[in-house]
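Undergrad: One file is attached below, my_file10.csv, containing CSV, C-alpha atoms.
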chain,number,residue,atom,x,y,z
A,1,MET,CA,70.8,121.6,119.0
A,2,THR,CA,68.4,118.9,117.7
A,3,THR,CA,64.7,118.9,118.5
A,4,ILE,CA,65.2,115.6,120.3
A,5,THR,CA,67.8,117.1,122.7
A,6,LYS,CA,65.5,120.0,123.4
A,7,VAL,CA,62.7,117.6,124.2
A,8,SER,CA,64.9,115.6,126.5
A,9,ILE,CA,66.0,118.8,128.3
A,10,SER,CA,62.4,119.6,128.7
A,11,GLU,CA,61.5,116.2,130.1
A,12,LYS,CA,64.4,116.2,132.6
A,13,ILE,CA,63.5,119.7,133.9
A,14,LYS,CA,59.8,118.8,134.0
A,15,GLU,CA,60.6,115.6,136.0
A,16,TYR,CA,62.9,117.5,138.3
A,17,VAL,CA,60.3,120.2,139.0
A,18,LYS,CA,57.6,117.6,139.5
A,19,ASN,CA,59.7,115.7,142.0
A,20,THR,CA,61.2,118.5,144.0
A,21,ALA,CA,59.0,121.6,143.9
A,22,SER,CA,56.4,122.4,146.6
A,23,ILE,CA,53.3,121.7,144.5
A,24,PRO,CA,50.0,122.2,146.2
A,25,PRO,CA,47.7,119.2,146.0
A,26,GLY,CA,45.5,119.3,142.8
A,27,MET,CA,47.8,121.8,141.1
A,28,GLU,CA,49.0,120.9,137.6
A,29,VAL,CA,52.4,122.4,136.7
A,30,LYS,CA,52.4,123.3,133.0
A,31,ASN,CA,55.4,124.3,130.9
A,32,ASP,CA,54.4,128.0,131.2
A,33,THR,CA,53.4,127.9,134.9
A,34,LEU,CA,55.3,130.8,136.6
A,35,ILE,CA,57.2,128.8,139.2
A,36,PHE,CA,58.2,131.7,141.4
A,37,ASP,CA,54.8,133.4,141.3
A,38,GLU,CA,53.2,130.2,142.3
A,39,GLY,CA,55.7,129.7,145.2
A,40,LEU,CA,56.9,126.3,143.9
A,41,PHE,CA,60.5,127.1,144.8
A,42,ASP,CA,62.0,129.0,147.7
A,43,SER,CA,65.6,130.0,148.0
A,44,MET,CA,66.8,126.4,148.9
A,45,GLY,CA,64.7,125.0,146.1
A,46,PHE,CA,66.1,127.4,143.6
A,47,MET,CA,69.7,126.7,144.7
A,48,ALA,CA,69.0,123.0,144.3
A,49,LEU,CA,67.7,123.6,140.8
A,50,ILE,CA,70.8,125.5,139.9
A,51,SER,CA,72.9,122.6,141.3
A,52,PHE,CA,70.8,120.1,139.3
A,53,ILE,CA,71.4,122.1,136.1
A,54,ASP,CA,75.1,122.1,136.7
A,55,GLU,CA,75.3,118.4,137.5
A,56,GLU,CA,72.9,117.3,134.7
A,57,PHE,CA,73.9,119.7,131.9
A,58,GLY,CA,77.2,121.2,133.0
A,59,VAL,CA,75.8,124.7,132.9
A,60,GLN,CA,76.7,127.2,135.6
A,61,PRO,CA,74.7,130.5,135.2
A,62,GLY,CA,76.7,133.7,135.6
A,63,ASP,CA,75.5,136.5,137.8
A,64,ASP,CA,74.0,138.3,134.7
A,65,GLU,CA,72.1,135.2,133.7
A,66,LEU,CA,70.4,134.8,137.1
A,67,VAL,CA,67.4,136.7,136.0
A,68,VAL,CA,63.7,135.8,136.2
A,69,GLU,CA,63.3,135.6,132.4
A,70,ASN,CA,65.7,132.5,132.4
A,71,PHE,CA,64.0,130.6,135.3
A,72,GLU,CA,60.4,131.7,135.6
A,73,SER,CA,58.9,128.6,134.0
A,74,ILE,CA,59.9,125.2,132.6
A,75,ASP,CA,59.7,126.7,129.1
A,76,ALA,CA,62.1,129.5,130.2
A,77,ILE,CA,64.6,127.1,131.7
A,78,VAL,CA,64.5,124.9,128.7
A,79,LYS,CA,65.0,127.9,126.4
A,80,TYR,CA,67.9,129.2,128.5
A,81,LEU,CA,69.6,125.7,128.6
A,82,SER,CA,69.1,125.1,124.9
A,83,GLU,CA,70.8,128.4,124.1
A,84,LYS,CA,73.6,127.7,126.5
A,85,LEU,CA,74.2,124.2,125.2
A,86,SER,CA,74.2,125.2,121.6
A,87,ALA,CA,76.5,128.2,122.1
B,1,MET,CA,35.8,149.7,162.5
B,2,THR,CA,38.8,152.0,162.3
B,3,GLU,CA,39.5,153.4,158.9
B,4,LYS,CA,42.9,152.5,157.5
B,5,LYS,CA,45.3,155.4,157.4
B,6,LYS,CA,46.4,156.8,154.1
B,7,PHE,CA,49.8,155.3,153.2
B,8,SER,CA,52.7,157.8,153.6
B,9,LYS,CA,56.4,157.8,154.4
B,10,ASP,CA,55.6,158.8,158.0
B,11,ILE,CA,53.0,156.0,158.6
B,12,ILE,CA,55.2,154.0,161.0
B,13,LYS,CA,56.8,157.0,162.8
B,14,LEU,CA,56.0,156.5,166.5
B,15,GLU,CA,53.4,158.9,167.8
B,16,SER,CA,55.1,159.1,171.1
B,17,VAL,CA,58.5,157.6,171.7
B,18,GLU,CA,58.2,158.2,175.4
B,19,GLN,CA,54.9,156.3,175.6
B,20,THR,CA,56.4,153.4,173.6
B,21,VAL,CA,59.4,153.2,175.9
B,22,ASN,CA,57.1,153.2,179.0
B,23,ARG,CA,54.9,150.5,177.6
B,24,ILE,CA,57.8,148.3,176.8
B,25,VAL,CA,59.5,148.9,180.1
B,26,ASN,CA,56.4,148.1,182.1
B,27,LYS,CA,55.8,144.9,180.1
B,28,LEU,CA,59.5,143.9,180.6
B,29,LYS,CA,59.1,144.3,184.4
B,30,SER,CA,55.9,142.4,184.5
B,31,ASP,CA,57.2,139.6,182.2
B,32,VAL,CA,60.5,139.2,183.9
B,33,TYR,CA,59.5,139.7,187.6
B,34,GLU,CA,56.0,138.2,187.6
B,35,HIS,CA,55.8,135.8,184.6
B,36,LEU,CA,59.3,134.5,184.5
B,37,GLN,CA,60.1,135.0,188.2
B,38,ARG,CA,63.6,136.3,187.5
B,39,LYS,CA,65.2,139.3,189.2
B,40,GLY,CA,67.1,141.0,186.4
B,41,GLY,CA,68.3,140.8,182.8
B,42,ILE,CA,71.3,139.5,180.9
B,43,VAL,CA,71.9,141.2,177.5
B,44,GLY,CA,74.5,140.2,174.9
B,45,ILE,CA,75.9,143.5,173.7
B,46,SER,CA,77.7,143.8,170.3
B,47,GLY,CA,77.9,147.6,169.8
B,48,GLY,CA,75.0,147.3,167.3
B,49,ILE,CA,71.8,149.3,167.4
B,50,ASP,CA,69.4,146.5,168.4
B,51,SER,CA,71.4,145.1,171.3
B,52,SER,CA,72.1,148.7,172.5
B,53,VAL,CA,68.4,149.6,172.6
B,54,SER,CA,67.4,146.3,174.2
B,55,PHE,CA,70.1,146.9,176.8
B,56,ALA,CA,69.0,150.5,177.5
B,57,LEU,CA,65.4,149.3,177.9
B,58,ALA,CA,66.5,146.6,180.3
B,59,VAL,CA,68.4,149.2,182.4
B,60,ARG,CA,65.2,151.3,182.5
B,61,ALA,CA,63.1,148.3,183.5
B,62,PHE,CA,65.3,146.6,186.2
B,63,GLY,CA,67.8,149.4,187.2
B,64,LYS,CA,71.5,149.3,186.4
B,65,GLU,CA,72.4,147.1,189.3
B,66,ASN,CA,70.1,144.3,188.0
B,67,VAL,CA,71.5,144.2,184.4
B,68,LEU,CA,74.6,142.5,183.1
B,69,GLY,CA,76.1,143.3,179.7
B,70,VAL,CA,77.9,140.4,178.2
B,71,MET,CA,80.4,140.9,175.3
B,72,LEU,CA,81.0,137.8,173.3
B,73,PRO,CA,83.7,138.4,170.8
B,74,GLU,CA,85.4,135.7,168.7
B,75,LYS,CA,88.4,135.9,166.3
B,76,ASP,CA,86.3,137.2,163.4
B,77,SER,CA,84.6,140.0,165.3
B,78,SER,CA,85.3,143.6,164.5
B,79,SER,CA,87.3,145.2,167.3
B,80,ASP,CA,84.8,148.2,167.1
B,81,SER,CA,82.1,145.9,168.5
B,82,GLU,CA,83.8,145.5,171.9
B,83,ILE,CA,84.8,149.1,172.1
B,84,LEU,CA,81.3,150.4,171.4
B,85,ALA,CA,79.7,147.8,173.6
B,86,LYS,CA,81.9,148.9,176.5
B,87,LYS,CA,81.1,152.6,175.8
B,88,LEU,CA,77.4,151.8,175.9
B,89,ALA,CA,77.7,149.9,179.3
B,90,ASP,CA,79.9,152.7,180.8
B,91,LYS,CA,77.3,155.3,179.7
B,92,PHE,CA,74.6,153.5,181.6
B,93,GLY,CA,76.9,152.5,184.5
B,94,VAL,CA,76.3,148.8,184.0
B,95,LYS,CA,78.7,146.0,184.9
B,96,THR,CA,80.0,144.0,181.9
B,97,VAL,CA,81.9,140.7,181.4
B,98,VAL,CA,83.9,139.8,178.3
B,99,GLU,CA,83.6,136.1,177.2
B,100,ASN,CA,85.7,135.3,174.2
B,101,ILE,CA,84.1,132.4,172.5
B,102,SER,CA,86.9,131.6,170.0
B,103,GLY,CA,88.0,128.6,172.0
B,104,ALA,CA,84.5,127.1,172.1
B,105,LEU,CA,84.2,127.7,168.4
B,106,GLU,CA,87.5,126.0,167.7
B,107,GLY,CA,86.2,123.1,169.7
B,108,PHE,CA,83.0,122.9,167.7
B,109,GLY,CA,85.1,123.0,164.5
B,110,CYS,CA,83.2,126.2,163.4
B,111,TYR,CA,86.1,127.8,161.5
B,112,ARG,CA,87.4,124.5,160.1
B,113,ARG,CA,84.1,123.4,158.8
B,114,ARG,CA,83.3,126.8,157.3
B,115,ASP,CA,86.7,127.1,155.7
B,116,GLU,CA,86.6,123.6,154.2
B,117,ALA,CA,83.4,124.6,152.4
B,118,MET,CA,84.8,127.9,151.2
B,119,LYS,CA,88.0,126.2,149.9
B,120,ARG,CA,85.8,123.8,147.8
B,121,VAL,CA,84.4,127.0,146.1
B,122,PHE,CA,87.7,128.9,145.9
B,123,PRO,CA,90.7,126.5,146.3
B,124,GLU,CA,93.1,129.4,146.7
B,125,TYR,CA,91.1,130.7,149.8
B,126,ASN,CA,93.4,130.9,152.9
B,127,PRO,CA,91.6,132.1,156.0
B,128,GLU,CA,94.8,133.5,157.4
B,129,THR,CA,95.2,136.0,154.5
B,130,TYR,CA,91.8,136.3,152.9
B,131,LYS,CA,88.6,137.9,154.2
B,132,SER,CA,85.3,136.4,153.2
B,133,LYS,CA,81.5,137.1,153.2
B,134,ILE,CA,78.3,135.8,151.8
B,135,GLU,CA,76.1,138.1,149.7
B,136,ILE,CA,72.8,138.2,147.8
B,137,ARG,CA,73.6,140.0,144.6
B,138,GLN,CA,70.1,140.2,143.1
B,139,ASN,CA,67.8,143.2,143.2
B,140,ILE,CA,64.5,142.3,144.8
B,141,LEU,CA,62.8,145.4,143.5
B,142,LYS,CA,63.5,144.4,139.9
B,143,GLN,CA,62.6,140.8,139.9
B,144,ASN,CA,60.5,138.2,141.8
B,145,MET,CA,63.0,135.4,142.3
B,146,PRO,CA,64.2,133.6,145.4
B,147,ALA,CA,67.6,134.6,146.7
B,148,ILE,CA,70.8,133.0,145.5
B,149,PHE,CA,73.8,133.4,147.7
B,150,SER,CA,77.4,134.2,146.5
B,151,LEU,CA,80.7,133.8,148.3
B,152,THR,CA,83.1,136.7,148.0
B,153,ILE,CA,86.7,136.4,149.0
B,154,ILE,CA,89.1,139.3,149.3
B,155,ASP,CA,92.9,138.9,149.3
B,156,GLU,CA,95.5,140.9,151.1
B,157,ASN,CA,95.7,143.4,148.2
B,158,GLY,CA,92.0,144.1,148.4
B,159,THR,CA,91.2,142.1,145.2
B,160,SER,CA,87.9,140.4,145.5
B,161,LYS,CA,86.3,137.5,143.7
B,162,SER,CA,82.7,136.3,143.9
B,163,LYS,CA,81.1,133.0,142.9
B,164,MET,CA,77.6,131.7,143.3
B,165,LEU,CA,77.5,129.2,146.1
B,166,PRO,CA,76.4,125.6,145.4
B,167,MET,CA,73.7,124.5,147.8
B,168,LYS,CA,75.9,122.0,149.7
B,169,GLU,CA,78.7,124.6,150.4
B,170,TYR,CA,76.2,127.3,151.3
B,171,LEU,CA,74.5,125.1,153.8
B,172,GLN,CA,77.8,124.0,155.3
B,173,ILE,CA,79.1,127.6,155.6
B,174,VAL,CA,75.8,128.7,157.3
B,175,ALA,CA,75.6,125.7,159.6
B,176,ALA,CA,79.2,126.2,160.7
B,177,SER,CA,78.8,129.9,161.2
B,178,ASN,CA,75.6,129.4,163.3
B,179,PHE,CA,77.9,127.9,166.0
B,180,LYS,CA,78.7,131.5,166.8
B,181,GLN,CA,75.1,132.5,167.7
B,182,ARG,CA,74.5,129.2,169.5
B,183,SER,CA,77.6,129.5,171.5
B,184,ARG,CA,76.7,133.0,172.5
B,185,MET,CA,73.3,131.9,173.6
B,186,SER,CA,74.8,129.1,175.8
B,187,MET,CA,77.1,131.7,177.4
B,188,LEU,CA,74.2,134.1,178.0
B,189,TYR,CA,72.2,131.4,179.7
B,190,TYR,CA,75.2,130.5,181.8
B,191,HIS,CA,75.2,134.0,183.3
B,192,ALA,CA,71.4,134.2,183.4
B,193,GLU,CA,71.1,131.0,185.4
B,194,ALA,CA,74.1,131.8,187.7
B,195,MET,CA,72.4,135.1,188.6
B,196,HIS,CA,68.8,134.0,188.4
B,197,TYR,CA,68.2,136.6,185.6
B,198,ALA,CA,66.3,136.4,182.3
B,199,VAL,CA,68.0,136.5,178.9
B,200,ILE,CA,66.9,139.6,177.1
B,201,GLY,CA,66.8,138.8,173.4
B,202,THR,CA,67.7,141.5,170.9
B,203,PRO,CA,66.0,140.7,167.5
B,204,ASN,CA,63.8,143.4,166.0
B,205,LYS,CA,60.5,142.9,164.1
B,206,HIS,CA,62.2,142.2,160.7
B,207,GLU,CA,64.6,139.7,162.2
B,208,VAL,CA,61.8,137.8,163.9
B,209,GLU,CA,59.3,137.9,161.1
B,210,GLN,CA,61.6,137.5,158.1
B,211,GLY,CA,63.6,134.8,159.9
B,212,PHE,CA,67.0,136.6,160.1
B,213,PHE,CA,68.1,134.9,163.2
B,214,VAL,CA,69.5,131.6,164.3
B,215,LYS,CA,67.1,129.1,165.8
B,216,TYR,CA,68.3,128.5,169.4
B,217,GLY,CA,71.1,131.1,168.7
B,218,ASP,CA,70.2,134.7,168.8
B,219,GLY,CA,66.6,133.5,168.6
B,220,GLY,CA,67.1,131.8,172.0
B,221,ALA,CA,65.9,134.2,174.7
B,222,ASP,CA,63.3,134.7,177.4
B,223,VAL,CA,61.9,138.0,176.2
B,224,MET,CA,62.4,140.1,173.0
B,225,PRO,CA,61.5,143.7,174.0
B,226,ILE,CA,62.1,145.2,170.5
B,227,GLY,CA,60.6,142.2,168.6
B,228,ASP,CA,57.6,144.2,167.5
B,229,LEU,CA,59.5,147.3,166.4
B,230,TYR,CA,60.5,148.2,162.9
B,231,LYS,CA,64.2,149.1,162.4
B,232,THR,CA,63.5,152.8,162.0
B,233,GLN,CA,61.5,152.7,165.3
B,234,VAL,CA,64.4,151.1,167.0
B,235,TYR,CA,66.5,154.1,165.9
B,236,GLU,CA,63.8,156.5,167.3
B,237,LEU,CA,64.1,154.7,170.6
B,238,ALA,CA,67.9,154.8,170.5
B,239,SER,CA,68.1,158.6,170.4
B,240,TYR,CA,65.5,158.9,173.2
B,241,LEU,CA,67.2,156.4,175.4
B,242,GLY,CA,70.6,158.0,175.1
B,243,VAL,CA,72.4,155.3,173.1
B,244,PRO,CA,75.9,156.7,172.1
B,245,GLN,CA,75.8,158.5,168.7
B,246,GLU,CA,78.6,156.3,167.3
B,247,ILE,CA,76.4,153.3,167.7
B,248,ILE,CA,73.4,155.1,166.1
B,249,ASP,CA,75.6,156.2,163.2
B,250,ARG,CA,77.2,152.7,162.6
B,251,THR,CA,75.9,150.7,159.5
B,252,PRO,CA,74.3,147.5,160.8
B,253,THR,CA,76.5,144.5,160.0
B,254,THR,CA,76.2,140.8,160.7
B,255,ASP,CA,79.7,140.8,162.4
B,256,THR,CA,79.8,137.1,161.5
B,257,TYR,CA,82.1,136.9,158.5
B,258,THR,CA,85.6,138.3,158.3
B,259,ALA,CA,84.9,140.8,155.5
B,260,GLU,CA,82.7,143.8,156.3
B,261,GLN,CA,79.2,142.8,155.4
B,262,THR,CA,76.0,144.8,155.9
B,263,GLN,CA,72.7,143.2,156.8
B,264,GLU,CA,71.3,144.6,153.6
B,265,GLU,CA,73.9,142.7,151.5
B,266,PHE,CA,73.5,139.4,153.4
B,267,PHE,CA,69.7,139.2,153.8
B,268,TYR,CA,67.4,142.1,153.4
B,269,GLN,CA,68.4,143.4,150.0
B,270,LEU,CA,66.7,146.8,150.7
B,271,PRO,CA,67.6,149.9,152.7
B,272,PHE,CA,65.9,149.8,156.1
B,273,GLU,CA,63.8,152.9,155.6
B,274,MET,CA,62.2,151.4,152.5
B,275,MET,CA,62.0,147.9,153.9
B,276,ASP,CA,60.1,149.1,157.0
B,277,LEU,CA,57.5,150.9,154.9
B,278,LEU,CA,57.1,148.0,152.5
B,279,TRP,CA,56.7,145.5,155.2
B,280,TYR,CA,54.2,147.6,157.0
B,281,ALA,CA,52.3,148.0,153.7
B,282,TRP,CA,52.4,144.3,153.0
B,283,GLU,CA,51.3,143.2,156.4
B,284,ASN,CA,48.5,145.7,156.6
B,285,GLY,CA,47.1,144.9,153.2
B,286,TYR,CA,47.9,148.2,151.3
B,287,GLU,CA,47.7,147.9,147.5
B,288,PRO,CA,50.8,148.4,145.4
B,289,ALA,CA,49.1,151.2,143.6
B,290,GLU,CA,48.8,153.2,146.9
B,291,VAL,CA,52.3,152.3,148.1
B,292,ALA,CA,54.4,152.9,145.0
B,293,PRO,CA,53.9,156.7,144.6
B,294,ALA,CA,54.7,157.3,148.3
B,295,LEU,CA,58.0,155.5,147.9
B,296,ASP,CA,58.8,156.7,144.4
B,297,ILE,CA,59.0,153.2,143.0
B,298,THR,CA,56.8,151.3,140.5
B,299,GLU,CA,53.8,149.1,141.3
B,300,LYS,CA,55.6,146.2,139.8
B,301,GLU,CA,58.6,146.8,142.1
B,302,VAL,CA,56.2,146.8,145.1
B,303,GLU,CA,54.6,143.6,143.9
B,304,ASN,CA,58.0,141.9,143.6
B,305,VAL,CA,58.9,142.9,147.1
B,306,PHE,CA,55.6,141.7,148.5
B,307,LYS,CA,56.1,138.3,146.8
B,308,THR,CA,59.6,138.2,148.4
B,309,PHE,CA,58.2,138.9,151.8
B,310,LEU,CA,55.5,136.2,151.4
B,311,ARG,CA,58.2,133.7,150.4
B,312,LYS,CA,60.5,134.7,153.3
B,313,LYS,CA,57.8,134.5,155.9
B,314,LYS,CA,56.6,131.1,154.6
B,315,THR,CA,60.1,129.6,154.3
B,316,THR,CA,61.3,130.8,157.7
B,317,GLU,CA,58.2,129.6,159.6
B,318,TYR,CA,60.3,126.7,160.8
B,319,LEU,CA,62.6,129.0,162.7
B,320,ARG,CA,59.8,130.5,164.7
B,321,MET,CA,58.2,127.1,165.5
B,322,SER,CA,58.5,125.5,169.0
B,323,PRO,CA,59.3,121.8,169.0
B,324,ILE,CA,56.2,119.9,167.8
B,325,ARG,CA,55.0,117.7,170.7
B,326,ASN,CA,51.3,117.0,170.2
B,327,TYR,CA,51.9,113.3,169.2
Output the structure of this file as structure tokens.

TA:
Amino acid sequence: MTTITKVSISEKIKEYVKNTASIPPGMEVKNDTLIFDEGLFDSMGFMALISFIDEEFGVQPGDDELVVENFESIDAIVKYLSEKLSA
Amino acid sequence: MTEKKKFSKDIIKLESVEQTVNRIVNKLKSDVYEHLQRKGGIVGISGGIDSSVSFALAVRAFGKENVLGVMLPEKDSSSDSEILAKKLADKFGVKTVVENISGALEGFGCYRRRDEAMKRVFPEYNPETYKSKIEIRQNILKQNMPAIFSLTIIDENGTSKSKMLPMKEYLQIVAASNFKQRSRMSMLYYHAEAMHYAVIGTPNKHEVEQGFFVKYGDGGADVMPIGDLYKTQVYELASYLGVPQEIIDRTPTTDTYTAEQTQEEFFYQLPFEMMDLLWYAWENGYEPAEVAPALDITEKEVENVFKTFLRKKKTTEYLRMSPIRNY
């Protein structure tokens, strides 16, 4: 996977999180912000994120991949997707 | 100021079951007779522990002549439900009616809409030969992550397949299945209005506060006598009130999907005994460091569960809200 592609994954995920998460006024979501700890996604929000990842990148996480380490931040999601897409 | 009790496994054990029963019964009488101006109670009975205890409390409050037990089976219901509900009513000498709501559900397209969504996930799914259920497969003790729902289908040979549900299909399956609880509510209000009775709701404290009920479905009632009781307390009342032992021994299920599905699999993700204690700890501000050793789990696990509780309470607030009318 090229650096450019990784950057574009990061931009798409960042854009998605910014547009759909419940972000409290004044809060800045950084790449390492813990999105579940901060309450940015509930169950519906998380399911929508999974659907977005499928539609946008063709990645459907298996049961064993649905772990907090793969989805806890924008950085974590980008890392997970980069690995999946380069496999 | 009263000092907070030291956290222990017995912290929510009722000090006196008799006093708790008397308090609820007296309040039921006053709420139904004086506040609601109704002369008895209608209870939908499913053979489950919550509806059985609510029913037994109603009988104590209004007398057996002023309670009607309504059984509301549909084609996906377990046959045990009706048998146990009848056993309960017979034990308390209360009149029952059976209202099969399958026809109403066919009319609403409940089964068709649900099965359409299931077939989009598993094209081979045939509702005539397969059983199905929705599950949460994550462990909330181990990680702080919102629930993701999976659909499991089981063929005639018992072979099962599971797949994570896309949001659109999940929402359609739940929306279609919720016709069941809403049709039951309509039928309960038919009998309540025809007899000038109140509808006695059956959700317990967890169902109300964690949002495990259908708005205007099983959440539609005039009073909820066990709405402030933890599940283990409901069991304490059940034994005292004389609920049949088969009902007490039965694993709580949703009785909503065709495959056997426990409430733990579908929603709570924890055994009741542990969930009760963790919920009590969370809502009373106990620190994970005090709770963890009493339950033989780690502080991190307690923190994960507390975060899940906070998320559930927040995201299900909509279910507990009345229509907003201050415009």

Undergrad: Which is closest to chain A among B:Glu18, B:Glu106, B:Asp296, B:Glu169, if we use all atoms listed in the file?

TA: B:Glu169

Undergrad: Between A:Ile53, A:Val68, A:Met47, A:Ile35, single out the one closest to Leu81 (chain A), counting only C-alpha atoms.

TA: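 Comparing A:Ile53, A:Val68, A:Met47, A:Ile35 against Leu81 (chain A), the winner is A:Ile53.
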
Undergrad: Could you please determine the separation between CA of Ser322 (chain B) and CA of Asp218 (chain B) in Å, to one decimal place?

TA: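 Going from CA of Ser322 (chain B) over to CA of Asp218 (chain B) covers 14.9 Å.
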
Undergrad: Give the residues of chain B that lie within 10 Å of chain A; count only C-alpha atoms, and format the answer as a list in words.

TA: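 Close to chain A, chain B has Arg137, Gln138, Asn139, Lys142, Gln143, Asn144, Met145, Pro146, Ala147, Ile148, Phe149, Ser150, Ser162, Lys163, Met164, Leu165, Pro166, Met167, Lys168, Tyr170, Leu171, Asn304, Lys307, Thr308, Leu310, Arg311, Lys312, Lys314 and Thr315 of chain B.
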
Undergrad: Show me, as a compact mmCIF listing (two decimals) with C-alpha atoms, in the coordinates of the input, the residues that have an atom within 7 Å of region 226-243 of chain B when counting all atoms listed in the file, minus same-chain residues fewer than 5 positions from it.

TA:
# COMPACT_ATOMS: atom_id res chain seq x y z
CA LYS B 13 56.80 157.00 162.80
CA LEU B 14 56.00 156.50 166.50
CA VAL B 17 58.50 157.60 171.70
CA ASP B 50 69.40 146.50 168.40
CA SER B 52 72.10 148.70 172.50
CA VAL B 53 68.40 149.60 172.60
CA SER B 54 67.40 146.30 174.20
CA ALA B 56 69.00 150.50 177.50
CA LEU B 88 77.40 151.80 175.90
CA THR B 202 67.70 141.50 170.90
CA PRO B 203 66.00 140.70 167.50
CA ASN B 204 63.80 143.40 166.00
CA LYS B 205 60.50 142.90 164.10
CA HIS B 206 62.20 142.20 160.70
CA VAL B 208 61.80 137.80 163.90
CA ILE B 248 73.40 155.10 166.10
CA PHE B 272 65.90 149.80 156.10
CA GLU B 273 63.80 152.90 155.60
CA ASP B 276 60.10 149.10 157.00

Undergrad: Near Lys87 (chain B), counting only C-alpha atoms, which residues have an atom at most 12 Å away, once you skip same-chain residues fewer than 3 positions from it, shown as a ChimeraX atom specification?

TA: /B:45-48,52,69,71,80-84,90-96,242-247

Undergrad: Could you tell me which of A:Ser86, A:Thr5, A:Ser73, A:Ser10 comes closest to Val29 (chain A) if we count all atoms listed in the file?

TA: A:Ser73

Undergrad: Name the closest residue to Tyr189 (chain B) among the candidates B:Gly285, B:Pro225, B:Pro323, B:Gly201; distances are taken between atoms, counting only C-alpha atoms.

TA: B:Gly201

Undergrad: Measure the distance from CA of Ser30 (chain B) to CA of Val199 (chain B) in Å and round it to one decimal.

TA: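 Here the two named atoms are 14.6 Å from each other.
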
Undergrad: By how many Å are CA of Asp32 (chain A) and CA of Ala76 (chain A) apart?

TA: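 Between CA of Asp32 (chain A) and CA of Ala76 (chain A) the gap is 7.9 Å.
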
Undergrad: Of the candidates B:Tyr190, B:Tyr111, B:Phe179, B:Trp279, which shows the shortest atom-to-atom distance to Val43 (chain B), using all atoms listed in the file?

TA: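 Nearest candidate to Val43 (chain B) out of B:Tyr190, B:Tyr111, B:Phe179, B:Trp279: B:Tyr190.
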
Undergrad: So which residues touch Glu116 (chain B) within 10 Å, counting only C-alpha atoms, skipping near sequence neighbours fewer than 3 positions away, as an mmCIF file with C-alpha atoms, in the coordinates of the input?

TA:
data_model
loop_
_atom_site.group_PDB
_atom_site.id
_atom_site.type_symbol
_atom_site.label_atom_id
_atom_site.label_comp_id
_atom_site.auth_asym_id
_atom_site.auth_seq_id
_atom_site.Cartn_x
_atom_site.Cartn_y
_atom_site.Cartn_z
ATOM 1 C CA TYR B 111 86.100 127.800 161.500
ATOM 2 C CA ARG B 112 87.400 124.500 160.100
ATOM 3 C CA ARG B 113 84.100 123.400 158.800
ATOM 4 C CA LYS B 119 88.000 126.200 149.900
ATOM 5 C CA ARG B 120 85.800 123.800 147.800
ATOM 6 C CA VAL B 121 84.400 127.000 146.100
ATOM 7 C CA PHE B 122 87.700 128.900 145.900
ATOM 8 C CA PRO B 123 90.700 126.500 146.300
ATOM 9 C CA TYR B 125 91.100 130.700 149.800
ATOM 10 C CA GLU B 169 78.700 124.600 150.400
ATOM 11 C CA GLN B 172 77.800 124.000 155.300
ATOM 12 C CA ILE B 173 79.100 127.600 155.600
#

Undergrad: Write out as a list in words the residues lying within 12 Å of Met275 (chain B), counting all atoms listed in the file and excluding same-chain residues fewer than 5 positions away.

TA: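 In the requested format, the answer is Lys9, Ile12, Ile140, Leu141, Lys205, His206, Glu207, Gln210, Tyr230, Lys231, Thr232, Glu264, Phe267, Tyr268, Gln269, Leu270, Tyr280, Ala281, Trp282, Glu283, Leu295, Val302, Val305, Phe306, Thr308 and Phe309 of chain B.
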
Undergrad: Of the candidates A:Thr33, A:Ser22, A:Glu55, A:Lys6, which one gets nearest to Glu83 (chain A) if we count all atoms listed in the file?

TA: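 Selected residue with least distance to Glu83 (chain A): A:Lys6.
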
Undergrad: Can you tell me, as a ChimeraX atom specification, what residues are no more than 12 Å from Leu36 (chain B) when counting only C-alpha atoms, ignoring any on the same chain fewer than 6 positions away?

TA: /B:27-30,196-200,221-223
